[in-house]
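Peer 1: A single structure is presented below for examination.
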Amino acid sequence: MHIGRPVRELIAEPVVDPVPAVDPADESVAVRLDHGAFGPVGGPDDPGAASPARL
Amino acid sequence: MTEDPDLAPDPTPDLAEPVAGWRVWRVHTGAGGPEIVSPVRPVGWPARRRMTAACDRGCATVPTPTCGCGLYALADPVGLPPNTAGQGRVVGCTALWGRTIEHTGGFRAEHGYPLVLLVRTDLRSMFRGRARLREGVLSGSAGRQSSGGLLARDLASRYGVPVGVIPDHAALPGRIDVPGARVVALEATRGLAARRAGDLGAHERLAAAAREVFGHGDWFAPAA
Ligand SMILES: [Zn+2]
């Protein structure tokens, strides 16, 4: 990866931490963004899907 | 190793938000699920913890202008290596912060964490046969879509960031719409707080911007 020559040095201190919280409860519930709404990963083509409840 | 005094940082922060750049990771799957790994050395980027660069040459602070150390990213995705996001790789826009050196075409930084990841559907081949992705019960186009989606979902869940599935034919790295990619990077950065708070509109704006550039595919978001 060629990033060229250095131009300037700076310090970035984000007000919003780019790292999400470590929350085990989060780790099982990523959801699919689908036509303007969140749905579960599963659809008719996901036999492993959880219940079809939408958020 | 000496620093160019003209490049020495002012101790006060210059930016209150991260720098955003494009880069590539390899994907490994272990007991804890998929992990994104540096493409140049076997170092994984940890989930839900910031990645911090170290220097093999012993720089006391990383990165320094005269060394090559630091976490790398490109300002625009046009310079990504061939086969990006295929062959067991994912591409993404990463946040970089801490000590950061801006280059003419990218950045090196002290800390990093992905803002958004993009998984190509052909990554499914890498995971074929792995029970975790339930390949055995999927077939045909439905299997393709679900397998790419499952990997994307697993990355989104583990890393807590949005992950898009992009088509195999997505124009990577060539023919990238650079202004469009800048919109994606800007949205990925500026929308961070809103997405973290579960703002559906912020998720949709990022997904829409990415689809404009990379093509349409499923999009997965971590729960708020
Ligand atoms: Zn160094």
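If you're wondering about the labels, chains in the structure tokens are A, B, ... by order shown, residues count from 1 in each chain, ligands from 1 in order shown.
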Give me, as a list of chain:residue names, the contact residues of chain A against chain B at a cut-off of 6 Å, counting only C-alpha atoms.
Peer 2: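 Close to chain B, chain A has A:Ile3, A:Gly4, A:Arg5, A:Pro6, A:Val7, A:Arg8, A:Glu9, A:Leu10, A:Ile11, A:Ala12, A:Glu13, A:Pro14, A:Val15, A:Val19, A:Pro20, A:Val22, A:Asp26, A:Glu27, A:Val29, A:Ala30, A:Val31, A:Arg32, A:Leu33, A:Asp45.
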Peer 1: Just want the residues within 7 Å of ligand 1, written as a PyMOL selection string, counting only C-alpha atoms and all ligand atoms.
Peer 2: chain B and resi 55-59+62-64+67-69
Peer 1: Could the residues in this selection be saved with C-alpha atoms as a short mmCIF file (atom, residue, chain, number, x, y, z; two decimals), in the first residue's frame?
Peer 2:
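Produced file out.cif, reproduced below:
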```cif
data_model
loop_
_atom_site.label_atom_id
_atom_site.label_comp_id
_atom_site.auth_asym_id
_atom_site.auth_seq_id
_atom_site.Cartn_x
_atom_site.Cartn_y
_atom_site.Cartn_z
CA CYS B 55 7.49 -0.40 15.92
CA ASP B 56 9.98 -3.17 15.14
CA ARG B 57 12.76 -0.60 15.02
CA GLY B 58 12.08 0.68 18.49
CA CYS B 59 10.46 4.06 17.93
CA VAL B 62 4.55 5.48 16.84
CA PRO B 63 4.45 6.51 14.12
CA THR B 64 7.42 8.75 13.39
CA CYS B 67 10.22 5.41 10.06
CA GLY B 68 7.66 3.27 8.29
CA CYS B 69 5.77 2.27 11.42
#
```
Peer 1: Give the helix (DSSP H, G or I) residues of stretch 180-223 of chain B, as DSSP finds them on the backbone, and put them as a ChimeraX atom specification.
Peer 2: /B:180-190,192-196,200-214
Peer 1: Mind pulling up the distance from atom CA of B:Ala181 to atom CA of B:Trp22?
Peer 2: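 Rounded to one decimal, the two atoms are 9.3 Å apart.
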Peer 1: Using only C-alpha atoms, which protein or nucleic acid residues come within 7 Å of B:Val27? Drop anything in the same chain fewer than 2 positions from it, and give the result as a list in words.
Peer 2: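 Once the nearby chain positions are removed, what remains is Trp25, Thr29, Pro34, Glu35, Ile36, Val37, Gly88, Arg89 and Val90 of chain B.
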Peer 1: Rounded to one decimal in Å, what is the spacing between atom CA of B:Glu212 and atom CA of B:Pro179?
Peer 2: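 The value is 10.7 Å.
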